[in-house]
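K.L.:
Below is one structure. I have some questions about it.
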Amino acid sequence: MSRLNAADRPYDIVLFGATGFVGELTARYLAEHTPEGLRWAIAGRSEEKLRRLRERLPGGAEIGVLRADVSDPASLRELAEHARVVATTVGPYVRYGDGLVAACAEAGTDYLDLTGEPEFVDLTYVRHDARARETGARLVHACGFDSVPHDLGVYFTVRQLPEGVPLSVDGYVRVGATFSGGTFASALGQFARGRRLRAAALERRRHEPRLVGRRVVTPTGAPRFAGEVGAWALPLPTVDAQIVRRSAKALERYGPDFRYRHYAAVRHLPVAVGGVAAVGALLAAAQVPPARRWLSGRLAPGDGPSSERRARSWFSVRFVGEGGGRKVFTEVAGGDPGYDETAKMLAEAALCLALDTLPPTAGQVTTAVAMGDALTERLRAAGIDFRVATIR
Ligand SMILES: NC(=O)c1ccc[n+]([C@@H]2O[C@H](COP(=O)([O-])OP(=O)(O)OC[C@H]3O[C@@H](n4cnc5c(N)ncnc54)[C@H](OP(=O)(O)O)[C@@H]3O)[C@@H](O)[C@H]2O)c1
């Protein structure tokens, strides 16, 4: 596997979408944390906005600027050919993302994004995984709060359990935070695309090789009171369980028979009932175009929580893992999940692909498969807690 001329490229990392809400946070994180000598650039559709952003960043003079627009495939090809690693925050990805994945797969460029859209992940697998394997490009989706704490948290939990035996892990997510215009637009768009989402999943199953000699399942589970975490557990049908399933299929360490269940954990029953009702109402409204348009006007692209609000935000994902006679309780926890920590996760993943010694992988891969240990260590060093609470 050879990454096509990757060493000769002008930039180690290019951040596409740097002028957006989470894009700017990621640019700032990179500006404050890139080691000396790393060559990196910000990219987007407005050169003027990019130059203004560069002036606000520490060490701005060293940062390159590249113009690219998702409606101009030649500009995406040029972007991919100028970098070893491209990280993109230009979403909703199902609307804007495919061209850049195609360009990176073709150019042998490593690709990272923040998608939480399963339809997009399935479509890019069908369209670009084979080419990326040929060129050596690693295509890593969901490098933000979707799905890094869950994917690496399960990876971390599995490593506390015995090898070669059936294992089960339950994940319980709690957050105290709000969201941005970009995230709201992506969520609404997804709610309206149920049929296309199922069609993409089916198409993927037709292309994906079957797992032989091992079993991996991610059942939805049922709402229940989970005494182990002292909260109501509500099944959480996000992209996270799918990402965990792909890591478990790819890595023998998850054992011969692996099960993962993904839940939102809510302490008080009325809050749990209210949460389910609110998501149900949003899901229903998203099916009606005028209601969807009205809702999407509530939060503009580029808007997001203030730094004061983000400073009060937090997340915790608790895992209960079991197998081979051992039971382990672990936790991944940090600050503002959707933005500050997401920017950190994306930036550290980009640095990890650009700089660290990693297992040889190519094609569509998860964070656990492409960079499990190295990224976990990077995030720990950057203040995200991965801890074992108890082993029985
Ligand atoms: N997985 C997670 O945990 C997580 C967390 C946070 C965000 N996200 C996702 O990340 C994405 C970005 O969120 P956000 O809040 O940062 O959104 P945002 O503020 O609306 O930013 C969107 C970015 O896309 C750029 N863009 C739009 N159309 C473009 C085009 N034709 N060509 C090139 N660039 C274009 C915008 O450029 P301009 O500045 O020129 O308009 C902007 O830089 C969303 O899909 C969101 O769902 C995921």
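Chain lettering (A, B, ...) mirrors the order of the structure tokens, residue numbering begins at 1 for each chain separately, and ligand numbering begins at 1 in order of display.
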If we count only C-alpha atoms and set the cut-off at 12 Å, which residues sit around range 323-331 of chain A, ignoring sequence neighbours fewer than 6 positions away in its own chain? Please answer as a PyMOL selection string.
P.N.:
chain A and resi 149-150+152-174+228-229+254-259+315-317+384-392
K.L.:
Tell me which protein, DNA and RNA residues are within 7 Å of range 10-15 of chain A, counting only C-alpha atoms, leaving out same-chain ones fewer than 3 positions away, and put them as number ranges by chain.
P.N.:
A: 18, 38-43, 82-88, 350, 354
K.L.:
Emit the selected residues as a PDB file, in the first residue's frame, including N, CA and C atoms.
P.N.:
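Full text of selection-v6.pdb as output:
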```pdb
ATOM      1  N   ALA A  18     -12.924  25.870   7.669  1.00  0.00           N
ATOM      2  CA  ALA A  18     -12.342  26.549   8.835  1.00  0.00           C
ATOM      3  C   ALA A  18     -13.121  27.793   9.243  1.00  0.00           C
ATOM      4  N   LEU A  38       5.337  21.530  11.460  1.00  0.00           N
ATOM      5  CA  LEU A  38       4.167  20.962  10.787  1.00  0.00           C
ATOM      6  C   LEU A  38       3.583  22.010   9.843  1.00  0.00           C
ATOM      7  N   ARG A  39       3.372  21.603   8.610  1.00  0.00           N
ATOM      8  CA  ARG A  39       2.880  22.557   7.608  1.00  0.00           C
ATOM      9  C   ARG A  39       1.375  22.384   7.493  1.00  0.00           C
ATOM     10  N   TRP A  40       0.610  23.435   7.761  1.00  0.00           N
ATOM     11  CA  TRP A  40      -0.840  23.266   7.667  1.00  0.00           C
ATOM     12  C   TRP A  40      -1.524  24.488   7.094  1.00  0.00           C
ATOM     13  N   ALA A  41      -2.761  24.284   6.622  1.00  0.00           N
ATOM     14  CA  ALA A  41      -3.488  25.359   5.951  1.00  0.00           C
ATOM     15  C   ALA A  41      -4.962  25.300   6.317  1.00  0.00           C
ATOM     16  N   ILE A  42      -5.620  26.456   6.224  1.00  0.00           N
ATOM     17  CA  ILE A  42      -7.072  26.508   6.355  1.00  0.00           C
ATOM     18  C   ILE A  42      -7.657  26.646   4.958  1.00  0.00           C
ATOM     19  N   ALA A  43      -8.825  26.021   4.739  1.00  0.00           N
ATOM     20  CA  ALA A  43      -9.447  26.060   3.413  1.00  0.00           C
ATOM     21  C   ALA A  43     -10.934  26.340   3.562  1.00  0.00           C
ATOM     22  N   HIS A  82      -2.984  18.671  -2.374  1.00  0.00           N
ATOM     23  CA  HIS A  82      -2.047  19.557  -1.666  1.00  0.00           C
ATOM     24  C   HIS A  82      -1.763  19.114  -0.239  1.00  0.00           C
ATOM     25  N   ALA A  83      -2.418  18.040   0.227  1.00  0.00           N
ATOM     26  CA  ALA A  83      -2.304  17.692   1.649  1.00  0.00           C
ATOM     27  C   ALA A  83      -2.021  16.204   1.832  1.00  0.00           C
ATOM     28  N   ARG A  84      -1.395  15.865   2.976  1.00  0.00           N
ATOM     29  CA  ARG A  84      -1.310  14.457   3.372  1.00  0.00           C
ATOM     30  C   ARG A  84      -2.579  14.048   4.094  1.00  0.00           C
ATOM     31  N   VAL A  85      -3.137  14.994   4.885  1.00  0.00           N
ATOM     32  CA  VAL A  85      -4.359  14.728   5.657  1.00  0.00           C
ATOM     33  C   VAL A  85      -5.317  15.906   5.442  1.00  0.00           C
ATOM     34  N   VAL A  86      -6.582  15.605   5.108  1.00  0.00           N
ATOM     35  CA  VAL A  86      -7.608  16.651   5.029  1.00  0.00           C
ATOM     36  C   VAL A  86      -8.653  16.383   6.104  1.00  0.00           C
ATOM     37  N   ALA A  87      -8.950  17.402   6.923  1.00  0.00           N
ATOM     38  CA  ALA A  87     -10.042  17.300   7.906  1.00  0.00           C
ATOM     39  C   ALA A  87     -11.112  18.284   7.468  1.00  0.00           C
ATOM     40  N   THR A  88     -12.368  17.841   7.399  1.00  0.00           N
ATOM     41  CA  THR A  88     -13.422  18.741   6.925  1.00  0.00           C
ATOM     42  C   THR A  88     -14.555  18.903   7.926  1.00  0.00           C
ATOM     43  N   ALA A 350      -6.339  14.465  13.317  1.00  0.00           N
ATOM     44  CA  ALA A 350      -5.557  14.896  12.150  1.00  0.00           C
ATOM     45  C   ALA A 350      -4.058  14.832  12.466  1.00  0.00           C
ATOM     46  N   ALA A 354      -1.230  12.404  10.771  1.00  0.00           N
ATOM     47  CA  ALA A 354      -0.086  13.056  10.116  1.00  0.00           C
ATOM     48  C   ALA A 354       1.246  12.655  10.748  1.00  0.00           C
TER      49      ALA A 354
END
```
K.L.:
Kindly give the distance, in Å, that separates atom 40 (O, counted along the ligand's line) of ligand 1 and CA of Asp98 in chain A, rounded to a single decimal.
P.N.:
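Interatomic distance here is 17.8 Å.
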K.L.:
Counting only C-alpha atoms and all ligand atoms, what are the residues of chain A within 8 Å of ligand 1, and for each of them which pair of atoms is the nearest and at what distance in Å, to one decimal? Sort the table by chain and rising number, as a Markdown table.
P.N.:
```
| residue | atom | partner | partner_atom_place_in_ligand_line | distance |
| --- | --- | --- | --- | --- |
| A:Phe16 | CA | ligand 1 | 34 (N) | 7.2 |
| A:Gly17 | CA | ligand 1 | 43 (O) | 3.6 |
| A:Ala18 | CA | ligand 1 | 43 (O) | 5.3 |
| A:Thr19 | CA | ligand 1 | 43 (O) | 4.1 |
| A:Gly20 | CA | ligand 1 | 43 (O) | 3.4 |
| A:Phe21 | CA | ligand 1 | 16 (O) | 3.8 |
| A:Val22 | CA | ligand 1 | 16 (O) | 3.8 |
| A:Gly23 | CA | ligand 1 | 16 (O) | 5.3 |
| A:Glu24 | CA | ligand 1 | 16 (O) | 7.7 |
| A:Gly44 | CA | ligand 1 | 34 (N) | 5.0 |
| A:Arg45 | CA | ligand 1 | 33 (C) | 4.5 |
| A:Ser46 | CA | ligand 1 | 40 (O) | 5.4 |
| A:Lys49 | CA | ligand 1 | 39 (O) | 7.2 |
| A:Ala68 | CA | ligand 1 | 33 (C) | 6.1 |
| A:Asp69 | CA | ligand 1 | 32 (N) | 3.6 |
| A:Val70 | CA | ligand 1 | 32 (N) | 4.2 |
| A:Ser71 | CA | ligand 1 | 31 (N) | 5.7 |
| A:Thr89 | CA | ligand 1 | 12 (C) | 4.7 |
| A:Val90 | CA | ligand 1 | 24 (O) | 3.7 |
| A:Gly91 | CA | ligand 1 | 45 (O) | 3.3 |
| A:Pro92 | CA | ligand 1 | 45 (O) | 3.9 |
| A:Tyr93 | CA | ligand 1 | 45 (O) | 5.8 |
| A:Tyr96 | CA | ligand 1 | 31 (N) | 6.9 |
| A:Asp113 | CA | ligand 1 | 10 (O) | 7.8 |
| A:Leu114 | CA | ligand 1 | 1 (N) | 4.4 |
| A:Thr115 | CA | ligand 1 | 1 (N) | 5.1 |
| A:Gly116 | CA | ligand 1 | 1 (N) | 4.9 |
| A:Ala142 | CA | ligand 1 | 1 (N) | 5.7 |
| A:Cys143 | CA | ligand 1 | 1 (N) | 6.7 |
| A:Gly144 | CA | ligand 1 | 3 (O) | 4.2 |
| A:Phe145 | CA | ligand 1 | 3 (O) | 3.7 |
| A:Asp146 | CA | ligand 1 | 1 (N) | 4.0 |
| A:Ser147 | CA | ligand 1 | 1 (N) | 6.7 |
| A:Phe179 | CA | ligand 1 | 6 (C) | 7.6 |
| A:Ser180 | CA | ligand 1 | 15 (O) | 4.8 |
| A:Gly181 | CA | ligand 1 | 15 (O) | 5.4 |
| A:Gly182 | CA | ligand 1 | 17 (O) | 3.4 |
| A:Thr183 | CA | ligand 1 | 47 (O) | 3.4 |
| A:Phe184 | CA | ligand 1 | 47 (O) | 6.7 |
| A:Ala185 | CA | ligand 1 | 47 (O) | 6.9 |
| A:Ser186 | CA | ligand 1 | 47 (O) | 4.7 |
| A:Ala187 | CA | ligand 1 | 47 (O) | 6.8 |
| A:Ala300 | CA | ligand 1 | 20 (O) | 7.3 |
| A:Pro301 | CA | ligand 1 | 20 (O) | 3.6 |
| A:Gly302 | CA | ligand 1 | 19 (O) | 3.2 |
| A:Asp303 | CA | ligand 1 | 19 (O) | 6.1 |
| A:Gly304 | CA | ligand 1 | 15 (O) | 6.5 |
| A:Pro337 | CA | ligand 1 | 3 (O) | 7.0 |
| A:Gly338 | CA | ligand 1 | 5 (C) | 4.3 |
| A:Tyr339 | CA | ligand 1 | 6 (C) | 5.5 |
| A:Thr342 | CA | ligand 1 | 5 (C) | 5.7 |
| A:Ala343 | CA | ligand 1 | 6 (C) | 7.9 |
```
K.L.:
Using DSSP secondary structure from the backbone, list all strand (DSSP E or B) positions within range 168-286 of chain A, as JSON, numbers by chain.
P.N.:
{"A": [168, 169, 170, 171, 172, 173, 174, 175, 176, 215, 216, 217, 224, 225, 226, 231, 232, 233, 234, 235, 257, 258, 259, 260, 261, 262, 263, 264, 265, 266]}
K.L.:
Measure the distance from CA of Leu351 in chain A to CA of Leu112 in chain A in Å and round it to one decimal.
P.N.:
10.9 Å
K.L.:
Could you pull the residues within 12 Å of Val121 in chain A, counting only C-alpha atoms, minus those fewer than 4 positions along the same chain, as an mmCIF file with C-alpha atoms, in the first residue's frame?
P.N.:
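Final file, selection.cif:
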```cif
data_model
loop_
_atom_site.group_PDB
_atom_site.id
_atom_site.type_symbol
_atom_site.label_atom_id
_atom_site.label_comp_id
_atom_site.auth_asym_id
_atom_site.auth_seq_id
_atom_site.Cartn_x
_atom_site.Cartn_y
_atom_site.Cartn_z
ATOM 1 C CA TYR A 93 -22.140 15.921 4.790
ATOM 2 C CA VAL A 94 -24.824 14.058 2.898
ATOM 3 C CA GLY A 97 -19.430 15.858 1.544
ATOM 4 C CA ASP A 98 -19.156 13.257 -1.207
ATOM 5 C CA VAL A 101 -14.200 11.966 -0.061
ATOM 6 C CA LEU A 112 -11.368 12.963 8.464
ATOM 7 C CA ASP A 113 -14.776 14.478 9.149
ATOM 8 C CA LEU A 114 -17.383 15.170 11.838
ATOM 9 C CA THR A 115 -20.334 13.424 10.300
ATOM 10 C CA GLY A 116 -22.985 11.797 12.449
ATOM 11 C CA GLU A 117 -24.991 10.859 9.330
ATOM 12 C CA TYR A 125 -18.275 3.112 1.726
ATOM 13 C CA VAL A 126 -20.093 1.894 -1.383
ATOM 14 C CA ARG A 127 -18.593 4.570 -3.644
ATOM 15 C CA HIS A 128 -15.043 5.125 -2.388
ATOM 16 C CA ASP A 129 -13.780 2.387 -0.059
ATOM 17 C CA LEU A 139 -11.180 7.544 5.213
ATOM 18 C CA VAL A 140 -12.150 8.158 8.842
ATOM 19 C CA HIS A 141 -15.669 9.477 9.469
ATOM 20 C CA ALA A 142 -17.217 10.581 12.774
ATOM 21 C CA LEU A 197 -30.966 6.118 5.034
ATOM 22 C CA ALA A 200 -28.001 3.265 1.757
ATOM 23 C CA ALA A 201 -27.638 0.737 4.612
ATOM 24 C CA GLU A 203 -26.657 -1.053 -0.464
ATOM 25 C CA ARG A 204 -23.721 -1.197 1.931
ATOM 26 C CA VAL A 239 -24.292 6.480 14.209
ATOM 27 C CA ASP A 240 -22.226 5.552 17.293
ATOM 28 C CA GLN A 242 -22.658 1.389 13.902
ATOM 29 C CA ILE A 243 -19.128 2.740 14.254
ATOM 30 C CA ARG A 246 -17.363 -1.801 12.481
ATOM 31 C CA GLN A 364 -13.048 3.374 5.239
ATOM 32 C CA VAL A 365 -11.818 2.762 8.795
ATOM 33 C CA THR A 366 -12.982 3.794 12.260
#
```
K.L.:
When distances are computed from only C-alpha atoms, which of A:Ala264, A:Leu188, A:Cys352, A:Ala347 shows the smallest separation from Leu25 in chain A?
P.N.:
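For Leu25 in chain A, the nearest of the given residues is A:Ala347.
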K.L.:
Grab the CA of Ala278 in chain A to CA of Val320 in chain A distance for me, in Å with one decimal place.
P.N.:
27.9 Å
K.L.:
Excluding Asp72 in chain A and any residue of its chain fewer than 5 positions from it, enumerate the residues within 12 Å of it, using only C-alpha atoms, and give them as a PDB file with C-alpha atoms, in the first residue's frame.
P.N.:
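So out06.pdb came out as:
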```
ATOM      1  CA  GLY A  44     -12.937  27.249   2.506  1.00  0.00           C
ATOM      2  CA  ARG A  45     -15.022  28.907  -0.171  1.00  0.00           C
ATOM      3  CA  ARG A  67      -9.806  28.279  -1.683  1.00  0.00           C
ATOM      4  CA  ARG A  77      -9.084  17.654  -6.344  1.00  0.00           C
ATOM      5  CA  GLU A  78      -6.506  20.392  -5.886  1.00  0.00           C
ATOM      6  CA  LEU A  79      -7.210  20.515  -2.147  1.00  0.00           C
ATOM      7  CA  TYR A  96     -21.839  18.674   0.720  1.00  0.00           C
ATOM      8  CA  GLY A  99     -16.920  15.185  -3.639  1.00  0.00           C
ATOM      9  CA  LEU A 100     -14.139  15.631  -1.106  1.00  0.00           C
ATOM     10  CA  ALA A 103     -11.017  13.423  -4.274  1.00  0.00           C
TER      11      ALA A 103
END
```
K.L.:
Hey, what does DSSP flag as helix (DSSP H, G or I) within range 128-276 of chain A? Can you give it to me as a count of residues only?
P.N.:
67
K.L.:
Excluding Glu55 in chain A and residues on its chain fewer than 6 positions from it, collect all residues at most 12 Å away from it, counting only C-alpha atoms, and give them as a count of residues only.
P.N.:
11
